[in-house]
file upload_25.csv (CSV, C-alpha atoms)
chain,number,residue,atom,x,y,z
V,1,MET,CA,0.0,0.0,0.0
V,2,ARG,CA,1.2,3.5,-0.8
V,3,LEU,CA,0.0,6.8,0.4
V,4,LYS,CA,0.0,9.9,-1.8
V,5,PRO,CA,2.1,12.6,-0.1
V,6,GLY,CA,-0.1,14.4,2.5
V,7,VAL,CA,-2.6,11.6,3.0
V,8,ARG,CA,-3.6,11.3,6.7
V,9,LEU,CA,-4.9,8.0,8.0
V,10,ILE,CA,-4.3,8.6,11.7
V,11,GLY,CA,-7.7,8.4,13.4
V,12,VAL,CA,-9.5,6.3,10.8
V,13,ARG,CA,-12.0,3.8,12.1
V,14,PRO,CA,-11.0,0.1,12.4
V,15,GLU,CA,-13.6,-0.7,9.7
V,16,ILE,CA,-11.7,1.5,7.3
V,17,VAL,CA,-8.4,-0.3,8.1
V,18,VAL,CA,-10.2,-3.5,7.1
V,19,ALA,CA,-11.3,-1.9,3.8
V,20,LEU,CA,-7.7,-0.6,3.2
V,21,VAL,CA,-6.3,-4.0,3.6
V,22,ALA,CA,-8.9,-5.5,1.3
V,23,ALA,CA,-8.3,-2.9,-1.4
V,24,ASP,CA,-4.5,-3.4,-1.2
V,25,GLY,CA,-4.9,-7.1,-1.6
V,26,LEU,CA,-7.3,-6.8,-4.6
V,27,TRP,CA,-5.1,-4.2,-6.3
V,28,ARG,CA,-2.1,-6.6,-6.0
V,29,GLU,CA,-4.3,-9.5,-7.3
V,30,VAL,CA,-5.1,-7.5,-10.5
V,31,GLY,CA,-1.4,-6.7,-11.1
V,32,ILE,CA,-0.7,-3.3,-9.5
V,33,ASP,CA,2.9,-3.5,-8.2
V,34,GLY,CA,3.1,-2.0,-4.7
V,35,GLY,CA,-0.7,-2.4,-4.2
V,36,VAL,CA,-3.3,0.3,-3.9
V,37,THR,CA,-2.3,4.0,-3.7
V,38,ILE,CA,-4.5,5.9,-1.2
V,39,THR,CA,-5.1,9.5,-2.5
V,40,ALA,CA,-7.2,10.8,0.4
V,41,GLY,CA,-8.1,9.8,4.0
V,42,MET,CA,-9.0,12.3,6.7
V,43,ASP,CA,-7.1,15.0,4.7
V,44,GLY,CA,-8.1,17.1,1.7
V,45,THR,CA,-11.2,19.1,0.8
V,46,HIS,CA,-14.5,17.2,0.6
V,47,LYS,CA,-18.1,18.2,0.7
V,48,VAL,CA,-19.7,19.3,4.0
V,49,GLY,CA,-20.5,16.2,6.1
V,50,SER,CA,-18.1,14.0,4.2
V,51,PHE,CA,-17.3,10.6,5.8
V,52,HIS,CA,-13.6,11.5,5.2
V,53,TYR,CA,-13.7,13.9,8.1
V,54,ALA,CA,-15.1,11.3,10.5
V,55,GLY,CA,-12.4,8.7,9.5
V,56,CYS,CA,-15.0,6.6,7.7
V,57,ALA,CA,-13.8,7.0,4.1
V,58,PHE,CA,-10.8,6.9,1.8
V,59,ASP,CA,-10.1,7.4,-1.9
V,60,ALA,CA,-7.9,5.1,-3.9
V,61,ARG,CA,-6.2,5.6,-7.3
V,62,THR,CA,-7.6,3.6,-10.2
V,63,ARG,CA,-5.0,4.7,-12.7
V,64,GLY,CA,-3.3,1.6,-13.9
V,65,LEU,CA,-6.2,-0.8,-13.4
V,66,THR,CA,-7.1,-2.7,-16.6
V,67,ASP,CA,-10.8,-2.6,-15.7
V,68,ALA,CA,-11.5,-0.1,-12.9
V,69,LYS,CA,-15.3,-0.7,-13.0
V,70,THR,CA,-14.9,-4.4,-12.5
V,71,THR,CA,-12.2,-4.0,-9.8
V,72,VAL,CA,-14.3,-1.5,-7.8
V,73,ALA,CA,-17.3,-3.8,-8.1
V,74,GLU,CA,-15.2,-6.7,-6.8
V,75,LEU,CA,-14.1,-4.6,-3.8
V,76,ALA,CA,-17.7,-3.8,-3.0
V,77,ALA,CA,-18.6,-7.4,-3.1
V,78,ARG,CA,-15.8,-8.4,-0.8
V,79,LEU,CA,-16.6,-5.6,1.7
V,80,GLY,CA,-20.3,-6.2,1.9
V,81,PRO,CA,-23.3,-4.0,2.4
V,82,ASP,CA,-22.0,-1.8,5.2
V,83,TYR,CA,-19.6,-0.2,2.8
V,84,ASP,CA,-20.4,2.1,-0.1
V,85,VAL,CA,-17.8,1.6,-2.8
V,86,LEU,CA,-18.0,3.9,-5.8
V,87,LEU,CA,-16.1,4.6,-9.0
V,88,GLU,CA,-16.1,8.4,-9.0
V,89,GLY,CA,-15.1,10.6,-12.0
V,90,ALA,CA,-15.0,7.7,-14.4
V,91,GLY,CA,-13.1,8.5,-17.5
V,92,THR,CA,-11.7,11.8,-16.1
V,93,ASP,CA,-8.3,12.8,-14.7
V,94,ASN,CA,-10.0,12.6,-11.3
V,95,GLU,CA,-11.2,9.0,-11.6
V,96,HIS,CA,-10.8,7.2,-8.3
V,97,CYS,CA,-12.4,4.6,-6.0
V,98,HIS,CA,-14.3,6.1,-3.0
V,99,VAL,CA,-14.9,3.8,-0.1
V,100,GLU,CA,-16.9,4.7,2.9
V,101,TRP,CA,-18.1,2.7,5.9
V,102,GLU,CA,-21.8,3.4,6.5
V,103,PRO,CA,-23.6,0.5,8.4
V,104,LYS,CA,-27.0,-0.2,7.1
V,105,THR,CA,-28.2,-1.8,10.3
V,106,PRO,CA,-27.7,-0.8,13.9
V,107,TYR,CA,-24.9,-2.7,15.8
call {"tool": "encode", "arguments": {"input": "upload_25.csv", "output": "structure tokens"}}
result
Amino acid sequence: MRLKPGVRLIGVRPEIVVALVAADGLWREVGIDGGVTITAGMDGTHKVGSFHYAGCAFDARTRGLTDAKTTVAELAARLGPDYDVLLEGAGTDNEHCHVEWEPKTPY
């Protein structure tokens, strides 16, 4: 796993650590040397109320993936329904995988 300079992961929830490990493993499986590159954690500028600020989200680079849509869908399947996994900015210079932990049922 690699972090883009300036990415801050200190304070993320344990559920996000699980998702980070899953993403890194998947990116390695599909041939990305060095695994996933995290481009945003609790840092950066996001919309008001973003899960990033609560330590419940991260963004991952999709550049280099042969089929980003399929890889992102596979990550969503592996993480399950308590995670929202989206391919944002598809086909643009800002394309990335956004992952957030948002439980659908009370714990």
call {"tool": "residues_around", "arguments": {"input": "upload_25.csv", "residues": "region 32-40 of chain V", "least_positions_apart": "6", "cutoff": "8 Å", "atoms": "all atoms listed in the file", "output": "mmCIF file with C-alpha atoms, in the coordinates of the input"}}
result
data_model
loop_
_atom_site.group_PDB
_atom_site.id
_atom_site.type_symbol
_atom_site.label_atom_id
_atom_site.label_comp_id
_atom_site.auth_asym_id
_atom_site.auth_seq_id
_atom_site.Cartn_x
_atom_site.Cartn_y
_atom_site.Cartn_z
ATOM 1 C CA MET V 1 0.000 0.000 0.000
ATOM 2 C CA ARG V 2 1.200 3.500 -0.800
ATOM 3 C CA LEU V 3 0.000 6.800 0.400
ATOM 4 C CA LYS V 4 0.000 9.900 -1.800
ATOM 5 C CA VAL V 7 -2.600 11.600 3.000
ATOM 6 C CA ARG V 8 -3.600 11.300 6.700
ATOM 7 C CA ALA V 23 -8.300 -2.900 -1.400
ATOM 8 C CA ASP V 24 -4.500 -3.400 -1.200
ATOM 9 C CA GLY V 25 -4.900 -7.100 -1.600
ATOM 10 C CA LEU V 26 -7.300 -6.800 -4.600
ATOM 11 C CA PHE V 58 -10.800 6.900 1.800
ATOM 12 C CA ASP V 59 -10.100 7.400 -1.900
ATOM 13 C CA ALA V 60 -7.900 5.100 -3.900
ATOM 14 C CA ARG V 61 -6.200 5.600 -7.300
ATOM 15 C CA GLY V 64 -3.300 1.600 -13.900
ATOM 16 C CA LEU V 65 -6.200 -0.800 -13.400
#
call {"tool": "closest_residue", "arguments": {"input": "upload_25.csv", "among": "V:Gly55, V:Ala19, V:Arg13, V:Thr70", "to": "Val99 (chain V)", "atoms": "all atoms listed in the file"}}
result
V:Ala19
call {"tool": "atom_distance", "arguments": {"input": "upload_25.csv", "atom1": "CA of Leu9 (chain V)", "atom2": "CA of Gly49 (chain V)"}}
result
17.7 Å
call {"tool": "residues_around", "arguments": {"input": "upload_25.csv", "residues": "Pro106 (chain V)", "least_positions_apart": "3", "cutoff": "12 Å", "atoms": "only C-alpha atoms", "output": "count of residues only"}}
result
3
call {"tool": "residues_around", "arguments": {"input": "upload_25.csv", "residues": "Glu95 (chain V)", "least_positions_apart": "3", "cutoff": "9 Å", "atoms": "all atoms listed in the file", "output": "list in words"}}
result
Arg61, Thr62, Arg63, Leu87, Glu88, Gly89, Ala90, Gly91 and Thr92 of chain V
call {"tool": "write_last_selection", "arguments": {"input": "upload_25.csv", "atoms": "C-alpha atoms", "output": "short mmCIF file (atom, residue, chain, number, x, y, z; two decimals), in the coordinates of the input"}}
result
data_model
loop_
_atom_site.label_atom_id
_atom_site.label_comp_id
_atom_site.auth_asym_id
_atom_site.auth_seq_id
_atom_site.Cartn_x
_atom_site.Cartn_y
_atom_site.Cartn_z
CA ARG V 61 -6.20 5.60 -7.30
CA THR V 62 -7.60 3.60 -10.20
CA ARG V 63 -5.00 4.70 -12.70
CA LEU V 87 -16.10 4.60 -9.00
CA GLU V 88 -16.10 8.40 -9.00
CA GLY V 89 -15.10 10.60 -12.00
CA ALA V 90 -15.00 7.70 -14.40
CA GLY V 91 -13.10 8.50 -17.50
CA THR V 92 -11.70 11.80 -16.10
#
call {"tool": "closest_residue", "arguments": {"input": "upload_25.csv", "among": "V:Gly44, V:Pro81, V:Cys56, V:Trp27", "to": "Pro14 (chain V)", "atoms": "only C-alpha atoms"}}
result
V:Cys56
call {"tool": "atom_distance", "arguments": {"input": "upload_25.csv", "atom1": "CA of Cys97 (chain V)", "atom2": "CA of Ala68 (chain V)"}}
result
8.4 Å
call {"tool": "closest_residue", "arguments": {"input": "upload_25.csv", "among": "V:Ala76, V:Lys47, V:His52, V:Thr71", "to": "Arg28 (chain V)", "atoms": "all atoms listed in the file"}}
result
V:Thr71
call {"tool": "closest_residue", "arguments": {"input": "upload_25.csv", "among": "V:Glu29, V:Glu100, V:Asp67, V:Asp43", "to": "Pro5 (chain V)", "atoms": "only C-alpha atoms"}}
result
V:Asp43
call {"tool": "closest_residue", "arguments": {"input": "upload_25.csv", "among": "V:Leu20, V:Ile10, V:Lys69, V:Ala77", "to": "Met42 (chain V)", "atoms": "only C-alpha atoms"}}
result
V:Ile10
call {"tool": "closest_residue", "arguments": {"input": "upload_25.csv", "among": "V:Val48, V:Val18, V:Ala57, V:Val30", "to": "Gly80 (chain V)", "atoms": "all atoms listed in the file"}}
result
V:Val18
